[in-house]
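So this one's coords14.txt, compact mmCIF, C-alpha atoms:
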```
# COMPACT_ATOMS: atom_id res chain seq x y z
CA MET A 1 0.00 0.00 0.00
CA SER A 2 1.43 3.36 -0.92
CA PHE A 3 0.09 6.83 -0.25
CA SER A 4 2.42 8.81 -2.45
CA GLY A 5 1.79 12.11 -4.20
CA ASP A 6 2.92 15.71 -4.35
CA SER A 7 -0.35 17.06 -3.04
CA PRO A 8 -0.45 19.43 -0.03
CA GLU A 9 -0.79 17.86 3.39
CA ASP A 10 -4.43 18.77 3.74
CA SER A 11 -5.24 16.72 0.65
CA GLN A 12 -7.20 13.49 0.82
CA SER A 13 -4.06 11.51 0.06
CA ALA A 14 -2.32 12.85 3.18
CA ILE A 15 -5.40 12.24 5.32
CA MET A 16 -5.59 8.67 4.03
CA ALA A 17 -1.91 8.09 4.86
CA ALA A 18 -2.46 9.50 8.36
CA THR A 19 -5.54 7.31 8.83
CA TYR A 20 -3.55 4.25 7.85
CA THR A 21 -0.66 5.11 10.17
CA ALA A 22 -3.03 5.75 13.07
CA LEU A 23 -4.93 2.50 12.37
CA CYS A 24 -1.70 0.48 12.40
CA GLU A 25 -0.62 2.13 15.63
CA HIS A 26 -3.86 2.16 17.64
CA GLY A 27 -6.23 -0.36 16.02
CA TYR A 28 -9.87 0.34 15.19
CA ALA A 29 -11.32 0.53 18.71
CA ALA A 30 -8.78 3.01 20.07
CA LEU A 31 -8.70 5.08 16.88
CA SER A 32 -10.10 8.61 17.13
CA MET A 33 -10.28 11.70 14.94
CA ALA A 34 -7.78 13.32 17.35
CA LYS A 35 -5.26 10.53 16.83
CA ILE A 36 -5.59 10.82 13.06
CA ALA A 37 -5.20 14.61 13.26
CA ASP A 38 -2.05 14.01 15.36
CA GLU A 39 -0.48 12.32 12.33
CA LEU A 40 -1.07 15.49 10.27
CA THR A 41 -0.31 19.13 10.97
CA MET A 42 -4.06 19.61 11.17
CA SER A 43 -6.48 20.27 13.99
CA LYS A 44 -9.21 17.80 14.88
CA SER A 45 -11.80 20.44 13.91
CA SER A 46 -10.27 20.78 10.43
CA LEU A 47 -10.57 17.02 10.04
CA TYR A 48 -14.25 17.20 11.06
CA TYR A 49 -14.69 19.76 8.26
CA HIS A 50 -13.86 16.98 5.78
CA TYR A 51 -15.43 13.96 7.54
CA ASP A 52 -18.42 13.46 9.85
CA ASP A 53 -16.71 10.99 12.15
CA LYS A 54 -14.14 8.22 12.30
CA ASP A 55 -16.39 5.70 10.51
CA ASP A 56 -17.07 8.15 7.67
CA LEU A 57 -13.32 8.63 7.33
CA LEU A 58 -12.64 4.88 7.43
CA SER A 59 -15.31 4.22 4.80
CA THR A 60 -13.54 6.77 2.57
CA PHE A 61 -10.26 5.03 3.41
CA LEU A 62 -11.69 1.72 2.14
CA GLY A 63 -12.81 3.49 -1.05
CA TYR A 64 -9.26 4.79 -1.45
CA VAL A 65 -7.88 1.26 -1.04
CA ILE A 66 -10.22 0.12 -3.83
CA GLU A 67 -8.98 2.83 -6.20
CA GLU A 68 -5.36 1.87 -5.48
CA PHE A 69 -6.19 -1.78 -6.03
CA ALA A 70 -7.99 -1.06 -9.32
CA THR A 71 -4.96 0.91 -10.56
CA ASP A 72 -2.61 -1.83 -9.39
CA VAL A 73 -4.55 -4.57 -11.17
CA SER A 74 -4.84 -2.61 -14.42
CA VAL A 75 -1.05 -2.71 -14.90
CA VAL A 76 -0.83 -6.50 -15.21
CA GLU A 77 1.07 -6.64 -18.48
CA GLU A 78 1.17 -10.27 -19.54
CA GLN A 79 -0.49 -10.95 -22.86
CA ASP A 80 -2.10 -14.34 -22.52
CA ALA A 81 -4.91 -14.94 -20.07
CA ASN A 82 -3.27 -17.79 -18.19
CA ALA A 83 -0.16 -15.71 -17.46
CA GLN A 84 -2.37 -12.75 -16.50
CA LEU A 85 -4.34 -14.85 -14.05
CA ARG A 86 -1.21 -16.28 -12.40
CA ALA A 87 0.36 -12.79 -12.18
CA PHE A 88 -2.86 -11.55 -10.62
CA PHE A 89 -2.69 -14.21 -7.88
CA ASP A 90 0.97 -13.36 -7.28
CA ARG A 91 -0.24 -9.86 -6.44
CA VAL A 92 -3.35 -10.53 -4.37
CA LEU A 93 -2.24 -13.78 -2.73
CA PRO A 94 1.57 -13.96 -2.76
CA ARG A 95 3.22 -16.96 -1.16
CA ASP A 96 5.13 -14.66 1.16
CA LEU A 97 4.55 -11.07 2.15
CA ASP A 98 6.89 -8.41 3.52
CA GLU A 99 6.23 -6.76 6.88
CA SER A 100 4.45 -3.70 5.47
CA GLY A 101 2.17 -5.87 3.34
CA TYR A 102 1.42 -8.02 6.37
CA GLU A 103 0.57 -4.95 8.45
CA PHE A 104 -1.80 -3.76 5.72
CA HIS A 105 -3.64 -7.08 5.73
CA VAL A 106 -3.95 -6.93 9.52
CA VAL A 107 -5.60 -3.51 9.23
CA LEU A 108 -7.95 -4.66 6.46
CA LEU A 109 -9.03 -7.68 8.51
CA GLU A 110 -9.79 -5.47 11.48
CA LEU A 111 -12.03 -3.31 9.26
CA ARG A 112 -13.71 -6.46 7.82
CA ALA A 113 -14.49 -7.53 11.39
CA GLN A 114 -16.20 -4.15 11.93
CA ALA A 115 -18.30 -4.50 8.77
CA PRO A 116 -21.21 -6.31 10.49
CA HIS A 117 -21.71 -3.15 12.54
CA HIS A 118 -21.29 -0.58 9.74
CA GLU A 119 -23.36 -0.62 6.56
CA SER A 120 -20.97 1.79 4.81
CA PHE A 121 -18.08 -0.65 5.40
CA ARG A 122 -20.13 -3.54 4.00
CA GLU A 123 -20.87 -1.47 0.91
CA GLN A 124 -17.16 -0.87 0.36
CA PHE A 125 -16.36 -4.56 0.79
CA ASP A 126 -19.14 -5.35 -1.70
CA ARG A 127 -17.29 -3.09 -4.15
CA ILE A 128 -13.87 -4.62 -3.42
CA ASP A 129 -15.13 -8.19 -3.80
CA GLY A 130 -17.19 -7.22 -6.87
CA LEU A 131 -14.10 -5.76 -8.50
CA LEU A 132 -12.04 -8.86 -7.65
CA LYS A 133 -14.71 -11.15 -9.09
CA GLU A 134 -15.14 -9.06 -12.25
CA THR A 135 -11.38 -8.97 -12.83
CA ILE A 136 -10.97 -12.73 -12.43
CA ALA A 137 -14.06 -13.51 -14.57
CA GLY A 138 -12.57 -11.22 -17.26
CA PHE A 139 -9.29 -13.19 -17.33
CA ILE A 140 -11.25 -16.43 -17.57
CA GLU A 141 -13.48 -15.15 -20.42
CA THR A 142 -10.41 -13.99 -22.34
CA GLY A 143 -8.73 -17.36 -21.78
CA ILE A 144 -11.77 -19.19 -23.09
CA GLU A 145 -11.86 -16.92 -26.18
CA GLN A 146 -8.12 -17.48 -26.71
CA GLY A 147 -8.66 -21.24 -26.49
CA GLN A 148 -6.33 -21.56 -23.50
CA PHE A 149 -9.08 -22.31 -21.01
CA ARG A 150 -11.93 -24.81 -21.05
CA ALA A 151 -15.47 -23.44 -21.34
CA VAL A 152 -16.10 -23.22 -17.58
CA ASP A 153 -18.63 -20.81 -16.07
CA PRO A 154 -16.48 -17.67 -15.58
CA ASN A 155 -18.67 -16.16 -12.84
CA GLU A 156 -18.99 -19.36 -10.84
CA THR A 157 -15.26 -20.01 -10.99
CA ALA A 158 -14.51 -16.38 -10.10
CA ARG A 159 -16.87 -16.57 -7.10
CA LEU A 160 -14.98 -19.56 -5.75
CA LEU A 161 -11.63 -17.87 -6.31
CA VAL A 162 -12.71 -14.68 -4.53
CA ALA A 163 -13.66 -16.72 -1.43
CA LEU A 164 -10.33 -18.50 -1.68
CA ILE A 165 -8.41 -15.20 -1.83
CA ARG A 166 -10.34 -13.92 1.17
CA GLY A 167 -9.70 -17.11 3.13
CA GLY A 168 -6.00 -17.15 2.31
CA ARG A 169 -5.55 -13.54 3.34
CA VAL A 170 -7.37 -14.12 6.65
CA ASP A 171 -5.36 -17.32 7.24
CA ARG A 172 -2.08 -15.48 6.79
CA VAL A 173 -2.70 -13.01 9.60
CA SER A 174 -4.70 -15.19 12.01
CA ARG A 175 -2.49 -18.29 12.15
CA SER A 176 1.10 -18.94 13.21
CA ASP A 177 2.38 -19.70 9.72
CA ARG A 178 2.36 -16.58 7.54
CA SER A 179 3.37 -18.41 4.38
CA LEU A 180 0.68 -19.38 1.89
CA GLY A 181 2.96 -21.75 -0.04
CA GLU A 182 0.77 -24.82 0.50
CA LEU A 183 -2.40 -22.93 -0.45
CA ARG A 184 -0.77 -21.49 -3.59
CA ASP A 185 0.33 -25.00 -4.62
CA ALA A 186 -3.28 -26.16 -4.17
CA LEU A 187 -4.55 -23.15 -6.10
CA ASP A 188 -2.12 -23.69 -8.98
CA ALA A 189 -3.14 -27.35 -9.16
CA TYR A 190 -6.80 -26.27 -9.22
CA LEU A 191 -6.23 -23.74 -12.01
CA ASP A 192 -4.32 -26.34 -14.04
CA SER A 193 -6.97 -29.04 -13.75
CA HIS A 194 -10.08 -26.85 -13.84
CA LEU A 195 -9.12 -24.23 -16.41
CA LEU A 196 -6.39 -25.39 -18.79
CA ALA A 197 -7.77 -26.68 -22.08
CA MET B 1 -23.36 -22.57 19.23
CA SER B 2 -24.83 -23.97 22.41
CA PHE B 3 -23.52 -23.75 25.93
CA SER B 4 -25.86 -26.26 27.52
CA GLY B 5 -25.27 -28.42 30.58
CA ASP B 6 -26.51 -29.06 34.09
CA SER B 7 -23.27 -27.91 35.66
CA PRO B 8 -23.27 -25.27 38.43
CA GLU B 9 -22.94 -21.67 37.40
CA ASP B 10 -19.32 -21.37 38.40
CA SER B 11 -18.44 -24.14 35.98
CA GLN B 12 -16.42 -23.49 32.84
CA SER B 13 -19.52 -24.01 30.72
CA ALA B 14 -21.33 -21.13 32.44
CA ILE B 15 -18.27 -18.89 32.19
CA MET B 16 -18.00 -19.66 28.48
CA ALA B 17 -21.68 -18.83 27.96
CA ALA B 18 -21.23 -15.55 29.84
CA THR B 19 -18.12 -14.74 27.79
CA TYR B 20 -20.04 -15.32 24.58
CA THR B 21 -23.00 -13.19 25.70
CA ALA B 22 -20.69 -10.36 26.78
CA LEU B 23 -18.72 -10.58 23.52
CA CYS B 24 -21.92 -10.34 21.46
CA GLU B 25 -23.09 -7.39 23.49
CA HIS B 26 -19.89 -5.35 23.86
CA GLY B 27 -17.45 -6.55 21.20
CA TYR B 28 -13.80 -7.40 21.85
CA ALA B 29 -12.43 -3.93 22.55
CA ALA B 30 -15.05 -2.96 25.14
CA LEU B 31 -15.09 -6.41 26.75
CA SER B 32 -13.74 -6.63 30.31
CA MET B 33 -13.58 -9.20 33.09
CA ALA B 34 -16.16 -7.09 34.96
CA LYS B 35 -18.63 -7.28 32.06
CA ILE B 36 -18.22 -11.05 31.86
CA ALA B 37 -18.68 -11.37 35.64
CA ASP B 38 -21.86 -9.26 35.26
CA GLU B 39 -23.33 -12.07 33.14
CA LEU B 40 -22.75 -14.52 36.00
CA THR B 41 -23.57 -14.35 39.69
CA MET B 42 -19.84 -14.16 40.27
CA SER B 43 -17.49 -11.40 41.34
CA LYS B 44 -14.75 -10.11 39.08
CA SER B 45 -12.18 -11.38 41.60
CA SER B 46 -13.64 -14.91 41.42
CA LEU B 47 -13.27 -14.78 37.66
CA TYR B 48 -9.62 -13.74 38.07
CA TYR B 49 -9.17 -16.83 40.22
CA HIS B 50 -9.89 -18.93 37.11
CA TYR B 51 -8.31 -16.76 34.39
CA ASP B 52 -5.36 -14.35 34.27
CA ASP B 53 -7.08 -11.77 32.11
CA LYS B 54 -9.60 -11.28 29.34
CA ASP B 55 -7.29 -12.67 26.65
CA ASP B 56 -6.58 -15.80 28.69
CA LEU B 57 -10.34 -16.27 29.06
CA LEU B 58 -10.94 -15.67 25.34
CA SER B 59 -8.22 -18.12 24.37
CA THR B 60 -9.99 -20.72 26.56
CA PHE B 61 -13.26 -19.72 24.89
CA LEU B 62 -11.75 -20.50 21.47
CA GLY B 63 -10.60 -23.87 22.81
CA TYR B 64 -14.17 -24.53 23.97
CA VAL B 65 -15.48 -23.64 20.49
CA ILE B 66 -13.07 -26.21 19.03
CA GLU B 67 -14.32 -28.95 21.37
CA GLU B 68 -17.94 -28.17 20.44
CA PHE B 69 -17.02 -28.20 16.77
CA ALA B 70 -15.19 -31.52 17.07
CA THR B 71 -18.21 -33.07 18.78
CA ASP B 72 -20.54 -31.58 16.18
CA VAL B 73 -18.51 -32.94 13.26
CA SER B 74 -18.18 -36.41 14.77
CA VAL B 75 -21.96 -36.94 14.54
CA VAL B 76 -22.11 -36.74 10.73
CA GLU B 77 -23.90 -40.02 10.13
CA GLU B 78 -23.96 -40.57 6.38
CA GLN B 79 -22.22 -43.73 5.28
CA ASP B 80 -20.57 -42.87 2.01
CA ALA B 81 -17.79 -40.32 1.82
CA ASN B 82 -19.42 -38.10 -0.79
CA ALA B 83 -22.59 -37.69 1.30
CA GLN B 84 -20.45 -37.13 4.41
CA LEU B 85 -18.48 -34.38 2.71
CA ARG B 86 -21.63 -32.60 1.46
CA ALA B 87 -23.27 -32.88 4.91
CA PHE B 88 -20.10 -31.45 6.42
CA PHE B 89 -20.26 -28.39 4.17
CA ASP B 90 -23.95 -27.96 5.02
CA ARG B 91 -22.83 -27.59 8.61
CA VAL B 92 -19.76 -25.40 8.29
CA LEU B 93 -20.84 -23.35 5.27
CA PRO B 94 -24.66 -23.41 5.01
CA ARG B 95 -26.29 -21.45 2.22
CA ASP B 96 -28.26 -19.50 4.80
CA LEU B 97 -27.78 -19.00 8.50
CA ASP B 98 -30.17 -18.06 11.28
CA GLU B 99 -29.61 -14.95 13.37
CA SER B 100 -27.86 -16.73 16.25
CA GLY B 101 -25.51 -18.50 13.85
CA TYR B 102 -24.77 -15.19 12.16
CA GLU B 103 -24.02 -13.55 15.49
CA PHE B 104 -21.63 -16.38 16.35
CA HIS B 105 -19.71 -15.88 13.09
CA VAL B 106 -19.48 -12.13 13.78
CA VAL B 107 -17.87 -12.87 17.16
CA LEU B 108 -15.45 -15.42 15.67
CA LEU B 109 -14.36 -12.95 12.98
CA GLU B 110 -13.71 -10.31 15.60
CA LEU B 111 -11.45 -12.75 17.47
CA ARG B 112 -9.69 -13.71 14.18
CA ALA B 113 -8.96 -10.02 13.64
CA GLN B 114 -7.33 -9.92 17.09
CA ALA B 115 -5.17 -12.96 16.35
CA PRO B 116 -2.26 -10.96 14.85
CA HIS B 117 -1.85 -9.35 18.29
CA HIS B 118 -2.26 -12.50 20.43
CA GLU B 119 -0.13 -15.60 20.00
CA SER B 120 -2.54 -17.70 22.10
CA PHE B 121 -5.39 -16.83 19.70
CA ARG B 122 -3.25 -17.78 16.69
CA GLU B 123 -2.50 -21.12 18.32
CA GLN B 124 -6.21 -21.81 18.78
CA PHE B 125 -6.95 -20.89 15.16
CA ASP B 126 -4.10 -23.20 14.10
CA ARG B 127 -5.95 -25.97 15.96
CA ILE B 128 -9.35 -25.10 14.47
CA ASP B 129 -8.03 -24.97 10.91
CA GLY B 130 -5.92 -28.08 11.48
CA LEU B 131 -9.01 -29.96 12.65
CA LEU B 132 -11.01 -28.73 9.65
CA LYS B 133 -8.28 -29.80 7.26
CA GLU B 134 -7.82 -33.19 8.90
CA THR B 135 -11.57 -33.85 8.83
CA ILE B 136 -11.90 -32.95 5.15
CA ALA B 137 -8.79 -34.90 4.17
CA GLY B 138 -10.25 -37.90 6.03
CA PHE B 139 -13.48 -37.77 4.01
CA ILE B 140 -11.48 -37.52 0.79
CA GLU B 141 -9.22 -40.47 1.72
CA THR B 142 -12.27 -42.59 2.54
CA GLY B 143 -13.91 -41.60 -0.74
CA ILE B 144 -10.79 -42.60 -2.68
CA GLU B 145 -10.69 -45.97 -0.85
CA GLN B 146 -14.40 -46.48 -1.56
CA GLY B 147 -13.81 -45.73 -5.25
CA GLN B 148 -16.19 -42.76 -5.19
CA PHE B 149 -13.46 -40.14 -5.54
CA ARG B 150 -10.57 -39.81 -7.96
CA ALA B 151 -7.06 -40.22 -6.56
CA VAL B 152 -6.50 -36.52 -5.83
CA ASP B 153 -4.05 -35.30 -3.18
CA PRO B 154 -6.25 -35.31 -0.04
CA ASN B 155 -4.16 -32.76 1.87
CA GLU B 156 -3.82 -30.33 -1.02
CA THR B 157 -7.54 -30.44 -1.75
CA ALA B 158 -8.37 -30.08 1.94
CA ARG B 159 -6.06 -27.05 2.21
CA LEU B 160 -7.93 -25.32 -0.61
CA LEU B 161 -11.30 -26.18 0.92
CA VAL B 162 -10.32 -24.83 4.35
CA ALA B 163 -9.41 -21.46 2.77
CA LEU B 164 -12.70 -21.52 0.91
CA ILE B 165 -14.66 -22.17 4.12
CA ARG B 166 -12.81 -19.33 5.83
CA GLY B 167 -13.44 -16.96 2.93
CA GLY B 168 -17.13 -17.81 2.70
CA ARG B 169 -17.65 -17.31 6.41
CA VAL B 170 -15.89 -13.94 6.33
CA ASP B 171 -17.85 -12.93 3.21
CA ARG B 172 -21.14 -13.68 4.89
CA VAL B 173 -20.63 -11.24 7.74
CA SER B 174 -18.63 -8.52 5.95
CA ARG B 175 -20.80 -7.97 2.86
CA SER B 176 -24.41 -6.90 2.29
CA ASP B 177 -25.60 -10.28 1.02
CA ARG B 178 -25.59 -12.86 3.82
CA SER B 179 -26.51 -15.76 1.54
CA LEU B 180 -23.75 -18.06 0.30
CA GLY B 181 -25.95 -19.68 -2.36
CA GLU B 182 -23.72 -18.69 -5.26
CA LEU B 183 -20.58 -19.85 -3.47
CA ARG B 184 -22.16 -23.17 -2.51
CA ASP B 185 -23.18 -23.72 -6.14
CA ALA B 186 -19.57 -23.06 -7.16
CA LEU B 187 -18.29 -25.35 -4.41
CA ASP B 188 -20.65 -28.18 -5.40
CA ALA B 189 -19.56 -27.83 -9.03
CA TYR B 190 -15.92 -27.98 -7.89
CA LEU B 191 -16.48 -31.09 -5.77
CA ASP B 192 -18.30 -32.77 -8.68
CA SER B 193 -15.61 -32.05 -11.25
CA HIS B 194 -12.53 -32.41 -9.04
CA LEU B 195 -13.49 -35.33 -6.81
CA LEU B 196 -16.14 -37.58 -8.33
CA ALA B 197 -14.70 -40.65 -10.06
```
Structure rendered as structure tokens:
Amino acid sequence: MSFSGDSPEDSQSAIMAATYTALCEHGYAALSMAKIADELTMSKSSLYYHYDDKDDLLSTFLGYVIEEFATDVSVVEEQDANAQLRAFFDRVLPRDLDESGYEFHVVLLELRAQAPHHESFREQFDRIDGLLKETIAGFIETGIEQGQFRAVDPNETARLLVALIRGGRVDRVSRSDRSLGELRDALDAYLDSHLLA
Amino acid sequence: MSFSGDSPEDSQSAIMAATYTALCEHGYAALSMAKIADELTMSKSSLYYHYDDKDDLLSTFLGYVIEEFATDVSVVEEQDANAQLRAFFDRVLPRDLDESGYEFHVVLLELRAQAPHHESFREQFDRIDGLLKETIAGFIETGIEQGQFRAVDPNETARLLVALIRGGRVDRVSRSDRSLGELRDALDAYLDSHLLA
């Protein structure tokens, strides 16, 4: 996750970066508008000018994560659908993850766990998972057109793969073993047997 | 989830029930030993006699959930492995879930999200996921022996299915649509094509 840009510190990008830093440091429950403002050279009241409350800000933060993800996914450069799909999984479900990536997944899981209590969070996760599913189904459709993949149901297969991505990402941060090597082997075997023509 | 029994109120079973009630009501962050004691006719100091702190109690609670789950799974009565496996998924990943089941999954997700910060929670989730994997791999091995299933790698397939269960359960409580009908269709199609001989 990066929050780069040349924009002034009162820009949304800087507020998002501050929100992320404060979330990593304090966790959801202890997070407050004051603690986010502390990460900026901005008063709490200025922050309230932009956002109603912490949950409004966090919902915007999730929207920001989606935009970053959509940009990230759009730069997959491989030409054939099979290579695209594998490169996609290397991004969203890498076998191993560096510390900053791990920390980001910890924060996202904490926000997922808050979703039952916040409709605006659920709506953002609907968007994230919808985008994931659409992207995967697109790779599969292309692969079928290119003759690389068998004529499976792209949406059904994508639905299963989205749940698998979610599960793998939750596994990584909630169990002792952070590596997803075994799961990625199982996933690759599944893609080979289910998809390859 | 049930916390039944004829045991006296100071028994572990009653403490686990009180922990669950307090977790549902207050969530992890606001939970305290005092709030759990409030659900019992027990003083906070008596509760500290049994448990070091809230996280010690919650780690025990997760262990209790595992025991209940193990008992629950052991009563799957179907004779052939294919029927056993489908009945198992009806239990752990039903298409629809009643309100009390939903509430239980919300609580479990909140504890998963705390796992990165608590080694004892991670150890319990290791046990839960290990038990899930072992159970599924057992059904697959039996099905292969019975000639119902193809000679797939039981552990690899079970690893994928555990991630899929995890993902589906997280999906249910973190998105707008609580039904897993589409995912279960995809899962059934996968089991048909990957496993059936």
Using only C-alpha atoms, I'd like every residue of chain A that has an atom within 8 Å of chain B; please write them out as a PyMOL selection string.
chain A and resi 29+106+109-110+112-116+119+121-123+125-126+156-157+159-160+162-168+170-171+173-176+182-183+185-187+194
Distance query B:Ser32 at most 10 Å, only C-alpha atoms, self and fewer than 4 positions along chain excluded, as a list in words
Thr19, Ala22, Leu23, His26, Gly27, Tyr28, Ile36, Ala37, Asp38, Lys44, Asp53, Lys54 and Asp55 of chain B
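In this model, the gap between atom CA of A:Val73 and atom CA of A:Arg178 comes to 23.3 Å.
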Judged by only C-alpha atoms, the minimum distance to A:Ala81 among A:Ala14, A:Ile136, A:Ala151, A:Leu57 is found for A:Ile136
Test item: residues at most 8 Å from B:Gly143, only C-alpha atoms, excluding those fewer than 3 positions along its chain, as a count of residues only:
9
Report, in Å with one decimal, the straight-line distance from atom CA of A:Glu39 to atom CA of A:Ala18.
5.3 Å
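Atom pair atom CA of B:Ser100 / atom CA of B:Gln12: separated by 21.3 Å.
Protein and nucleic acid residues near (-4.0, -0.4, -3.1) are Met1, Ser2, Phe3, Ser4, Met16, Ala17, Tyr20, Phe61, Leu62, Gly63, Tyr64, Val65, Ile66, Glu67, Glu68, Phe69, Ala70, Thr71, Asp72, Val73, Ser74, Arg91, Val92, Gly101, Phe104, His105, Leu108 and Ile128 of chain A, the criterion being any atom at most 12 Å away using all atoms listed in the file.
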Quick one: what's the axis-aligned box for stretch 111-117 of chain A, all listed atoms, 4 Å on every side, centre and edges in Å to one decimal, as JSON?
```
{"center_x": -16.9, "center_y": -5.3, "center_z": 10.2, "size_x": 17.7, "size_y": 12.4, "size_z": 12.7}
```
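If all atoms listed in the file are the atoms counted, then among A:Ala197, A:Leu93, A:Cys24, A:Leu85 the closest residue to A:Gly138 is A:Leu85.
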